[in-house]
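Dumped model_25.pdb below, it's PDB, C-alpha atoms and all ligand atoms:
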```pdb
ATOM      1  CA  MET A   1      82.503  18.371  15.437
ATOM      2  CA  ALA A   2      81.441  17.496  11.905
ATOM      3  CA  LYS A   3      78.426  19.621  10.843
ATOM      4  CA  ASN A   4      76.221  16.819   9.496
ATOM      5  CA  THR A   5      76.867  13.387  10.939
ATOM      6  CA  HIS A   6      73.686  11.904   9.396
ATOM      7  CA  SER A   7      74.645  11.930   5.712
ATOM      8  CA  GLU A   8      75.430   8.783   3.735
ATOM      9  CA  PHE A   9      79.122   9.583   4.323
ATOM     10  CA  SER A  10      78.675   9.355   8.078
ATOM     11  CA  GLY A  11      81.217   6.963   9.569
ATOM     12  CA  ARG A  12      82.573   5.975   6.149
ATOM     13  CA  TRP A  13      86.223   6.374   5.206
ATOM     14  CA  THR A  14      87.248   8.570   2.272
ATOM     15  CA  LEU A  15      90.846   8.521   1.035
ATOM     16  CA  ILE A  16      92.117  11.728  -0.583
ATOM     17  CA  THR A  17      95.432  11.990  -2.441
ATOM     18  CA  GLY A  18      96.895  15.503  -2.313
ATOM     19  CA  GLY A  19      94.671  16.024   0.722
ATOM     20  CA  ALA A  20      96.935  18.520   2.507
ATOM     21  CA  SER A  21      96.388  21.540   0.246
ATOM     22  CA  GLY A  22      94.103  23.330  -2.190
ATOM     23  CA  ILE A  23      91.288  21.314  -3.770
ATOM     24  CA  GLY A  24      92.243  18.119  -1.885
ATOM     25  CA  TYR A  25      92.107  19.847   1.507
ATOM     26  CA  ALA A  26      88.830  21.598   0.608
ATOM     27  CA  CYS A  27      87.435  18.133  -0.214
ATOM     28  CA  ALA A  28      88.698  16.870   3.166
ATOM     29  CA  GLN A  29      86.971  19.699   5.033
ATOM     30  CA  HIS A  30      83.721  19.321   3.081
ATOM     31  CA  LEU A  31      83.582  15.515   3.382
ATOM     32  CA  ALA A  32      84.312  15.898   7.104
ATOM     33  CA  ASP A  33      81.363  18.311   7.343
ATOM     34  CA  LEU A  34      79.278  15.527   5.780
ATOM     35  CA  GLY A  35      80.442  13.095   8.476
ATOM     36  CA  SER A  36      83.176  11.164   6.669
ATOM     37  CA  HIS A  37      86.319   9.839   8.318
ATOM     38  CA  LEU A  38      89.422  10.687   6.308
ATOM     39  CA  VAL A  39      92.710   9.239   5.131
ATOM     40  CA  LEU A  40      94.899  11.956   3.626
ATOM     41  CA  LEU A  41      97.914  11.186   1.438
ATOM     42  CA  ASP A  42     100.380  13.921   0.561
ATOM     43  CA  MET A  43     104.116  14.232  -0.102
ATOM     44  CA  ASP A  44     104.289  17.546   1.799
ATOM     45  CA  SER A  45     104.611  16.175   5.331
ATOM     46  CA  THR A  46     104.479  19.615   7.005
ATOM     47  CA  LYS A  47     101.200  20.603   5.363
ATOM     48  CA  LEU A  48      99.881  17.088   5.926
ATOM     49  CA  ASP A  49     100.535  17.270   9.689
ATOM     50  CA  GLN A  50      98.824  20.668   9.825
ATOM     51  CA  ALA A  51      95.813  19.370   7.895
ATOM     52  CA  VAL A  52      95.405  16.255  10.040
ATOM     53  CA  HIS A  53      95.823  18.226  13.285
ATOM     54  CA  SER A  54      93.329  20.888  12.305
ATOM     55  CA  LEU A  55      90.751  18.230  11.331
ATOM     56  CA  ALA A  56      91.423  16.265  14.529
ATOM     57  CA  ALA A  57      91.000  19.479  16.562
ATOM     58  CA  LYS A  58      87.416  19.630  15.219
ATOM     59  CA  GLY A  59      86.750  16.061  16.403
ATOM     60  CA  ILE A  60      87.143  14.505  12.964
ATOM     61  CA  GLN A  61      88.802  11.086  12.569
ATOM     62  CA  ALA A  62      91.667  11.741  10.174
ATOM     63  CA  ILE A  63      94.877   9.833   9.439
ATOM     64  CA  GLY A  64      97.728  11.095   7.288
ATOM     65  CA  TYR A  65     100.355   9.246   5.259
ATOM     66  CA  SER A  66     103.271  11.176   3.821
ATOM     67  CA  VAL A  67     103.880   9.496   0.454
ATOM     68  CA  ASP A  68     104.763  10.443  -3.100
ATOM     69  CA  ILE A  69     101.968   8.942  -5.225
ATOM     70  CA  THR A  70     104.467   8.094  -7.958
ATOM     71  CA  ASN A  71     105.913   5.522  -5.550
ATOM     72  CA  THR A  72     103.562   2.613  -6.247
ATOM     73  CA  GLN A  73     105.044   0.436  -3.494
ATOM     74  CA  ALA A  74     104.428   3.209  -0.958
ATOM     75  CA  LEU A  75     100.762   3.341  -2.034
ATOM     76  CA  GLU A  76     100.487  -0.446  -1.657
ATOM     77  CA  ASN A  77     102.044  -0.139   1.822
ATOM     78  CA  VAL A  78      99.438   2.461   2.846
ATOM     79  CA  GLN A  79      96.628   0.087   1.842
ATOM     80  CA  VAL A  80      98.260  -2.774   3.789
ATOM     81  CA  ALA A  81      98.508  -0.512   6.852
ATOM     82  CA  LEU A  82      94.841   0.508   6.495
ATOM     83  CA  GLN A  83      93.794  -3.133   6.185
ATOM     84  CA  GLU A  84      95.760  -4.017   9.331
ATOM     85  CA  GLN A  85      93.913  -1.259  11.194
ATOM     86  CA  GLY A  86      90.549  -2.522   9.896
ATOM     87  CA  ILE A  87      89.860   0.674   7.938
ATOM     88  CA  PRO A  88      87.614   0.007   4.906
ATOM     89  CA  ILE A  89      87.914   2.681   2.205
ATOM     90  CA  ARG A  90      84.542   3.444   0.543
ATOM     91  CA  HIS A  91      85.390   6.610  -1.397
ATOM     92  CA  LEU A  92      88.484   7.860  -3.235
ATOM     93  CA  ILE A  93      89.347  11.381  -4.393
ATOM     94  CA  THR A  94      92.543  11.719  -6.431
ATOM     95  CA  ALA A  95      93.499  15.386  -6.043
ATOM     96  CA  ALA A  96      97.311  15.061  -5.978
ATOM     97  CA  GLY A  97      98.680  16.832  -9.008
ATOM     98  CA  VAL A  98     101.266  19.281 -10.260
ATOM     99  CA  LEU A  99     100.893  22.242 -12.619
ATOM    100  CA  GLN A 100     103.522  23.094 -15.260
ATOM    101  CA  PRO A 101     105.220  26.151 -16.739
ATOM    102  CA  MET A 102     104.152  27.189 -20.285
ATOM    103  CA  HIS A 103     106.506  25.962 -23.011
ATOM    104  CA  ASP A 104     106.837  25.220 -26.699
ATOM    105  CA  ILE A 105     107.447  21.526 -27.478
ATOM    106  CA  ASN A 106     111.101  22.313 -28.198
ATOM    107  CA  THR A 107     111.701  24.053 -24.900
ATOM    108  CA  LEU A 108     109.689  21.885 -22.527
ATOM    109  CA  ASP A 109     112.182  20.142 -20.284
ATOM    110  CA  GLN A 110     111.904  16.346 -20.539
ATOM    111  CA  ALA A 111     112.120  15.897 -16.763
ATOM    112  CA  VAL A 112     109.243  18.373 -16.240
ATOM    113  CA  HIS A 113     107.184  16.583 -18.890
ATOM    114  CA  ASP A 114     107.797  13.177 -17.330
ATOM    115  CA  ARG A 115     107.100  14.349 -13.766
ATOM    116  CA  VAL A 116     103.763  15.875 -14.843
ATOM    117  CA  TRP A 117     102.740  12.543 -16.389
ATOM    118  CA  ASP A 118     104.096  10.504 -13.470
ATOM    119  CA  VAL A 119     102.105  12.427 -10.868
ATOM    120  CA  ASN A 120      98.976  13.470 -12.748
ATOM    121  CA  TYR A 121      98.438  10.284 -14.737
ATOM    122  CA  HIS A 122     100.456   7.327 -13.438
ATOM    123  CA  GLY A 123     100.070   8.173  -9.745
ATOM    124  CA  THR A 124      96.328   8.552 -10.229
ATOM    125  CA  TYR A 125      96.144   5.323 -12.246
ATOM    126  CA  HIS A 126      97.750   3.332  -9.430
ATOM    127  CA  SER A 127      95.619   5.074  -6.780
ATOM    128  CA  CYS A 128      92.484   4.075  -8.721
ATOM    129  CA  ARG A 129      93.799   0.521  -9.080
ATOM    130  CA  ILE A 130      94.755  -0.015  -5.434
ATOM    131  CA  TRP A 131      91.706   1.681  -3.873
ATOM    132  CA  GLY A 132      89.340   0.332  -6.532
ATOM    133  CA  GLN A 133      90.248  -3.122  -5.256
ATOM    134  CA  ALA A 134      89.846  -2.010  -1.631
ATOM    135  CA  ILE A 135      86.445  -0.376  -2.296
ATOM    136  CA  ALA A 136      85.278  -3.518  -4.122
ATOM    137  CA  GLN A 137      86.230  -5.576  -1.041
ATOM    138  CA  ALA A 138      84.130  -3.168   1.064
ATOM    139  CA  ASN A 139      81.105  -3.975  -1.200
ATOM    140  CA  GLY A 140      81.420  -0.873  -3.330
ATOM    141  CA  GLY A 141      81.472   2.896  -3.202
ATOM    142  CA  SER A 142      82.524   5.730  -5.452
ATOM    143  CA  MET A 143      85.568   7.561  -6.765
ATOM    144  CA  VAL A 144      86.313  10.978  -8.267
ATOM    145  CA  THR A 145      89.444  11.872 -10.202
ATOM    146  CA  VAL A 146      90.548  15.491 -10.686
ATOM    147  CA  SER A 147      91.073  16.375 -14.335
ATOM    148  CA  SER A 148      91.149  19.945 -15.699
ATOM    149  CA  ILE A 149      89.506  22.158 -18.313
ATOM    150  CA  THR A 150      92.911  22.096 -20.047
ATOM    151  CA  ALA A 151      92.019  18.512 -21.017
ATOM    152  CA  MET A 152      89.191  19.882 -23.166
ATOM    153  CA  ARG A 153      90.770  22.773 -25.091
ATOM    154  CA  PRO A 154      94.269  23.293 -26.556
ATOM    155  CA  THR A 155      96.622  25.211 -24.241
ATOM    156  CA  PRO A 156     100.402  25.818 -24.060
ATOM    157  CA  LEU A 157     100.536  23.189 -21.278
ATOM    158  CA  LEU A 158     101.865  20.423 -23.513
ATOM    159  CA  ALA A 159     102.366  17.808 -20.788
ATOM    160  CA  TYR A 160      99.648  18.833 -18.316
ATOM    161  CA  GLY A 161      96.706  19.090 -20.749
ATOM    162  CA  PRO A 162      97.338  15.736 -22.473
ATOM    163  CA  ALA A 163      97.927  13.999 -19.106
ATOM    164  CA  LYS A 164      94.619  15.369 -17.788
ATOM    165  CA  ALA A 165      92.868  14.305 -21.027
ATOM    166  CA  ALA A 166      94.262  10.801 -20.541
ATOM    167  CA  LEU A 167      92.865  10.882 -17.023
ATOM    168  CA  GLY A 168      89.384  11.578 -18.431
ATOM    169  CA  ALA A 169      89.745   8.609 -20.778
ATOM    170  CA  LEU A 170      90.952   6.438 -17.895
ATOM    171  CA  THR A 171      88.006   7.541 -15.747
ATOM    172  CA  SER A 172      85.405   6.566 -18.365
ATOM    173  CA  SER A 173      87.166   3.249 -19.047
ATOM    174  CA  LEU A 174      87.303   2.447 -15.330
ATOM    175  CA  ALA A 175      83.596   3.248 -15.040
ATOM    176  CA  VAL A 176      82.936   0.201 -17.237
ATOM    177  CA  ASN A 177      85.600  -1.887 -15.500
ATOM    178  CA  TYR A 178      84.264  -1.114 -11.999
ATOM    179  CA  ALA A 179      80.487  -1.083 -12.638
ATOM    180  CA  PRO A 180      80.110  -4.831 -11.829
ATOM    181  CA  LYS A 181      81.935  -4.166  -8.526
ATOM    182  CA  ASN A 182      79.314  -1.586  -7.471
ATOM    183  CA  ILE A 183      81.771   1.291  -7.886
ATOM    184  CA  ARG A 184      80.992   4.506  -9.745
ATOM    185  CA  ILE A 185      83.861   6.690 -10.925
ATOM    186  CA  ASN A 186      83.661  10.188 -12.387
ATOM    187  CA  ALA A 187      86.009  13.126 -12.903
ATOM    188  CA  VAL A 188      85.708  16.813 -12.140
ATOM    189  CA  ALA A 189      87.456  19.257 -14.449
ATOM    190  CA  PRO A 190      88.148  22.376 -12.410
ATOM    191  CA  GLY A 191      88.618  25.681 -14.143
ATOM    192  CA  PHE A 192      90.994  28.262 -12.691
ATOM    193  CA  THR A 193      90.671  27.713  -8.940
ATOM    194  CA  LEU A 194      92.309  29.883  -6.324
ATOM    195  CA  THR A 195      94.556  27.364  -4.560
ATOM    196  CA  GLU A 196      98.098  27.542  -3.221
ATOM    197  CA  ALA A 197      99.366  26.089  -6.531
ATOM    198  CA  LEU A 198      97.656  28.728  -8.703
ATOM    199  CA  GLN A 199      98.599  31.531  -6.304
ATOM    200  CA  GLU A 200     102.229  30.450  -6.659
ATOM    201  CA  LYS A 201     101.903  30.740 -10.475
ATOM    202  CA  PHE A 202     100.475  34.271 -10.052
ATOM    203  CA  ASP A 203     103.225  35.262  -7.597
ATOM    204  CA  SER A 204     105.991  33.982  -9.899
ATOM    205  CA  GLY A 205     104.509  35.762 -12.937
ATOM    206  CA  GLN A 206     103.814  32.478 -14.793
ATOM    207  CA  ARG A 207     100.070  33.253 -14.962
ATOM    208  CA  ASP A 208      98.322  36.650 -15.119
ATOM    209  CA  PRO A 209      95.183  36.731 -12.943
ATOM    210  CA  SER A 210      93.515  39.671 -14.697
ATOM    211  CA  SER A 211      93.899  38.276 -18.227
ATOM    212  CA  ILE A 212      92.601  34.909 -16.955
ATOM    213  CA  VAL A 213      89.528  36.501 -15.371
ATOM    214  CA  ASP A 214      88.852  38.318 -18.680
ATOM    215  CA  THR A 215      88.330  34.890 -20.343
ATOM    216  CA  ILE A 216      85.828  33.669 -17.723
ATOM    217  CA  PRO A 217      82.138  34.560 -18.276
ATOM    218  CA  MET A 218      81.476  34.749 -14.519
ATOM    219  CA  ARG A 219      84.527  37.035 -14.207
ATOM    220  CA  ARG A 220      86.034  35.220 -11.252
ATOM    221  CA  LEU A 221      88.121  32.218 -10.254
ATOM    222  CA  ALA A 222      86.456  29.179  -8.672
ATOM    223  CA  GLU A 223      86.893  28.613  -4.933
ATOM    224  CA  PRO A 224      88.294  25.238  -3.767
ATOM    225  CA  LEU A 225      85.044  24.615  -1.837
ATOM    226  CA  GLU A 226      83.062  24.900  -5.089
ATOM    227  CA  ILE A 227      85.132  22.067  -6.566
ATOM    228  CA  ALA A 228      84.727  20.060  -3.344
ATOM    229  CA  GLN A 229      80.933  20.442  -3.487
ATOM    230  CA  ALA A 230      80.883  19.009  -7.029
ATOM    231  CA  VAL A 231      83.161  16.181  -5.929
ATOM    232  CA  ALA A 232      80.863  15.357  -2.993
ATOM    233  CA  PHE A 233      77.837  15.348  -5.313
ATOM    234  CA  LEU A 234      79.528  12.891  -7.700
ATOM    235  CA  LEU A 235      80.598  10.674  -4.785
ATOM    236  CA  SER A 236      77.114  10.702  -3.255
ATOM    237  CA  ASP A 237      73.969   8.683  -3.960
ATOM    238  CA  GLN A 238      72.471  11.825  -5.517
ATOM    239  CA  ALA A 239      74.654  10.864  -8.493
ATOM    240  CA  SER A 240      73.648   7.185  -8.300
ATOM    241  CA  ALA A 241      73.130   6.809 -12.080
ATOM    242  CA  ILE A 242      76.171   8.863 -13.083
ATOM    243  CA  THR A 243      79.412   7.112 -13.941
ATOM    244  CA  GLY A 244      82.206   7.701 -16.454
ATOM    245  CA  ILE A 245      81.633  11.443 -16.955
ATOM    246  CA  THR A 246      83.886  14.473 -16.591
ATOM    247  CA  LEU A 247      82.057  17.397 -14.986
ATOM    248  CA  PRO A 248      83.535  20.846 -15.670
ATOM    249  CA  VAL A 249      83.394  23.271 -12.709
ATOM    250  CA  ASP A 250      84.800  26.358 -14.362
ATOM    251  CA  CYS A 251      82.648  29.504 -13.913
ATOM    252  CA  GLY A 252      81.765  29.135 -17.615
ATOM    253  CA  TRP A 253      85.305  29.168 -19.069
ATOM    254  CA  LEU A 254      84.586  26.360 -21.574
ATOM    255  CA  ALA A 255      81.426  28.110 -22.755
ATOM    256  CA  GLY A 256      83.245  31.420 -23.129
ATOM    257  CA  ALA A 257      86.265  30.034 -25.000
ATOM    258  CA  SER A 258      84.447  29.724 -28.351
ATOM    259  CA  TRP A 259      82.175  32.784 -27.838
ATOM    260  CA  ALA A 260      85.275  34.977 -27.518
ATOM    261  CA  THR A 261      86.292  34.020 -31.076
ATOM    262  CA  TYR A 262      83.302  36.048 -32.347
ATOM    263  CA  GLN A 263      83.088  38.916 -29.887
ATOM    264  CA  PRO A 264      84.390  39.847 -26.424
ATOM    265  CA  LEU A 265      82.603  38.276 -23.485
ATOM    266  CA  PRO A 266      79.761  40.470 -22.163
TER     267      PRO A 266
HETATM  268  N1  LIG B   1      94.059  25.168  -9.079
HETATM  269  C1  LIG B   1      93.597  25.087 -10.308
HETATM  270  O1  LIG B   1      93.305  26.110 -10.952
HETATM  271  C2  LIG B   1      93.358  23.728 -10.927
HETATM  272  C3  LIG B   1      92.630  23.683 -12.128
HETATM  273  C4  LIG B   1      92.388  22.450 -12.724
HETATM  274  C5  LIG B   1      92.837  21.297 -12.126
HETATM  275  N2  LIG B   1      93.551  21.372 -10.948
HETATM  276  C6  LIG B   1      94.000  20.113 -10.368
HETATM  277  O2  LIG B   1      93.530  20.017  -9.048
HETATM  278  C7  LIG B   1      94.427  19.197  -8.294
HETATM  279  C8  LIG B   1      94.813  19.936  -7.015
HETATM  280  O3  LIG B   1      95.504  21.114  -7.376
HETATM  281  P1  LIG B   1      95.602  22.367  -6.399
HETATM  282  O4  LIG B   1      95.486  23.558  -7.239
HETATM  283  O5  LIG B   1      94.708  22.156  -5.247
HETATM  284  O6  LIG B   1      97.139  22.238  -5.983
HETATM  285  P2  LIG B   1      97.869  22.309  -4.540
HETATM  286  O7  LIG B   1      99.321  22.359  -4.853
HETATM  287  O8  LIG B   1      97.277  23.383  -3.710
HETATM  288  O9  LIG B   1      97.505  20.900  -3.912
HETATM  289  C9  LIG B   1      98.027  19.711  -4.472
HETATM  290  C10 LIG B   1      98.532  18.813  -3.365
HETATM  291  O10 LIG B   1      99.023  17.619  -3.981
HETATM  292  C11 LIG B   1     100.240  17.287  -3.355
HETATM  293  N3  LIG B   1     101.065  16.509  -4.300
HETATM  294  C12 LIG B   1     101.622  16.951  -5.459
HETATM  295  N4  LIG B   1     102.331  15.967  -6.011
HETATM  296  C13 LIG B   1     102.227  14.888  -5.190
HETATM  297  C14 LIG B   1     102.757  13.581  -5.221
HETATM  298  N5  LIG B   1     103.546  13.165  -6.217
HETATM  299  N6  LIG B   1     102.450  12.733  -4.214
HETATM  300  C15 LIG B   1     101.664  13.134  -3.193
HETATM  301  N7  LIG B   1     101.150  14.370  -3.093
HETATM  302  C16 LIG B   1     101.429  15.245  -4.097
HETATM  303  C17 LIG B   1     100.893  18.605  -3.002
HETATM  304  O11 LIG B   1     101.869  18.440  -1.964
HETATM  305  C18 LIG B   1      99.692  19.426  -2.565
HETATM  306  O12 LIG B   1      99.452  19.300  -1.178
HETATM  307  C19 LIG B   1      95.615  18.896  -9.200
HETATM  308  O13 LIG B   1      95.423  17.626  -9.779
HETATM  309  C20 LIG B   1      95.504  19.975 -10.261
HETATM  310  O14 LIG B   1      96.066  19.548 -11.468
HETATM  311  C21 LIG B   1      93.809  22.557 -10.344
END
```
Written as structure tokens, that's how I'd like the structure from this file.
Ligand SMILES: NC(=O)c1ccc[n+]([C@@H]2O[C@H](COP(=O)([O-])OP(=O)(O)OC[C@H]3O[C@@H](n4cnc5c(N)ncnc54)[C@H](O)[C@@H]3O)[C@@H](O)[C@H]2O)c1
Amino acid sequence: MAKNTHSEFSGRWTLITGGASGIGYACAQHLADLGSHLVLLDMDSTKLDQAVHSLAAKGIQAIGYSVDITNTQALENVQVALQEQGIPIRHLITAAGVLQPMHDINTLDQAVHDRVWDVNYHGTYHSCRIWGQAIAQANGGSMVTVSSITAMRPTPLLAYGPAKAALGALTSSLAVNYAPKNIRINAVAPGFTLTEALQEKFDSGQRDPSSIVDTIPMRRLAEPLEIAQAVAFLLSDQASAITGITLPVDCGWLAGASWATYQPLP
């Protein structure tokens, strides 16, 4: 059973894109602990089935839809199906996203560039549009997008960083757009977080865990649950006057980035 069925999330529906893995799944588990019912969207149907079954096994109401969030019509179809089942979405978390290999502008493959933007920006844009409308019809709620610390400092991720920065700009613009509809929207900017996606980058040699940890003042990666806890805070009434911000959750990486120019981190 859910751990706390008396929170403000109790009995409310939260829709999570990328909900089958990593940060999205940690959000699903944490929101379920707070009493929320869940709709998970993910293009990995195997992981999605596992996620929904393991939540259902704990007595949590969870529904999964296997969709690619770059398919706008498929997203619209999910909302139609939810409406037909009388499921009102009150909260949205947009965690679906893809990382990218490091490249110079002359060697970054155009298809990789475009896919990063399609998923991380356009897919999130349409998710915020479709479920913003649905949340407004349910008399309001809250939304959190998942940006990245790479939106805030230059990195060799020439598609990913700019797409995540655009997401921050979208989030603050939508905060103004949605305020009259009683919807707050904020972003979290995770630092290096030990998820399946980052582990795959370590395993393939595309990222070096020890040199990353050397740049982080707290000398460790974030856990997916730590991102989920920040997401739940921003979604909750504890953040009732907060809208349009991007909250870094990065074990101090942003603070350390400029310090390290002068001397090594202590
Ligand atoms: N892990 C990190 O260090 C880190 C840091 C900053 C930001 N982020 C962001 O956090 C989010 C989650 O990343 P993660 O590390 O948990 O990755 P993950 O791969 O573990 O989880 C992402 C999930 O999104 C799904 N997904 C990807 N593209 C999709 C699409 N087009 N349609 C539907 N589902 C799709 C994947 O199948 C997967 O289940 C991403 O937006 C990522 O950019 C991660």
Within 6 Å of ligand LIG 1 (chain B), counting only C-alpha atoms and all ligand atoms, which protein or nucleic acid residues do you find, written as a ChimeraX atom specification?
/A:18,20-24,42-44,67-70,95-99,119,146-148,190-198
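With all atoms listed in the file as the atoms that count, the residue of A:Glu84, A:Trp117, A:Ala138, A:Leu157 with the shortest distance to Ile105 (chain A) is A:Leu157.
The spacing separating CA of Ser54 (chain A) from CA of Gly123 (chain A) amounts to 26.3 Å.
The smallest atom-to-atom distance between Leu15 (chain A) and any of A:Pro180, A:Gly205, A:Pro101, A:Gly132, using all atoms listed in the file, is found for A:Gly132.
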Centre and edge lengths, as JSON, for the axis-aligned box enclosing every listed atom of region 110-116 of chain A with 3 Å of padding on each of the six sides, in Å to one decimal?
```
{"center_x": 107.9, "center_y": 15.8, "center_z": -17.2, "size_x": 14.4, "size_y": 11.2, "size_z": 12.8}
```
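Using only C-alpha atoms for every distance, the candidate list A:Ile212, A:Ala51, A:Ala111, A:Val39 yields A:Val39 as the residue closest to His91 (chain A).
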Might you pull out every residue within 12 Å of region 133-136 of chain A, with only C-alpha atoms counted and same-chain residues fewer than 3 positions away left off, and present them as number ranges by chain?
A: 12-15, 76, 78-80, 82-83, 86-92, 126-130, 139-143, 174, 177-185
Quick one: residues within 7 Å of Ile63 (chain A), all atoms listed in the file, excluding same-chain residues fewer than 4 positions away - as a VMD selection string?
chain A and resid 38 to 40 52
Using the chain letters and numbers from this file, what does the PyMOL selection byres (((chain A and resi 221) around 12) and not hetatm) select? Give the answer as an MDAnalysis selection string.
chainID A and resid 190:195 198:199 209:220 222:227 249:253
Once the PyMOL selection byres (((chain A and resi 166) around 12) and not hetatm) has been applied to the shown file, what residues remain in the selection, as a list of chain:residue names?
A:Trp117, A:Asn120, A:Tyr121, A:His122, A:Thr124, A:Tyr125, A:Thr145, A:Val146, A:Ser147, A:Ser148, A:Thr150, A:Ala151, A:Met152, A:Ala159, A:Tyr160, A:Gly161, A:Pro162, A:Ala163, A:Lys164, A:Ala165, A:Leu167, A:Gly168, A:Ala169, A:Leu170, A:Thr171, A:Ser172, A:Ser173, A:Ala187, A:Thr246
Considering all atoms listed in the file, return as an NGL selection string whatever protein or nucleic-acid residues lie within 9 Å of Glu8 (chain A), sequence-local ones (same chain, fewer than 3 positions apart) excluded.
:A and (5 or 11-12 or 34-36 or 236-237)
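In this structure, CA of Phe202 (chain A) sits 17.3 Å away from CA of Thr155 (chain A).
Contact shell of Pro248 (chain A) at 7 Å (all atoms listed in the file; same-chain neighbours under 6 positions omitted): Ile149, Val188, Ala189 and Pro190 of chain A.
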If we draw a sphere of 6 Å around (90.3, 14.8, -3.4), which residues have at least one atom in it when counting all atoms listed in the file? Please report them as a ChimeraX atom specification.
/A:16-17,24,27,93-95
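The interatomic distance for the pair CA of Ala228 (chain A) and CA of Pro154 (chain A) works out to 25.3 Å.
Using only C-alpha atoms for every distance, the candidate list A:Leu31, A:Ala26, A:Leu55, A:Leu265 yields A:Leu31 as the residue closest to Ser7 (chain A).
Taking only C-alpha atoms into account, Ala175 (chain A) lies nearest to A:Thr243 out of the set A:Gln206, A:Thr243, A:Asn77, A:Gln229.
Closest to Glu200 (chain A) among A:Gln61, A:Leu254, A:Phe9, A:Gln100 is A:Gln100, based on all atoms listed in the file.
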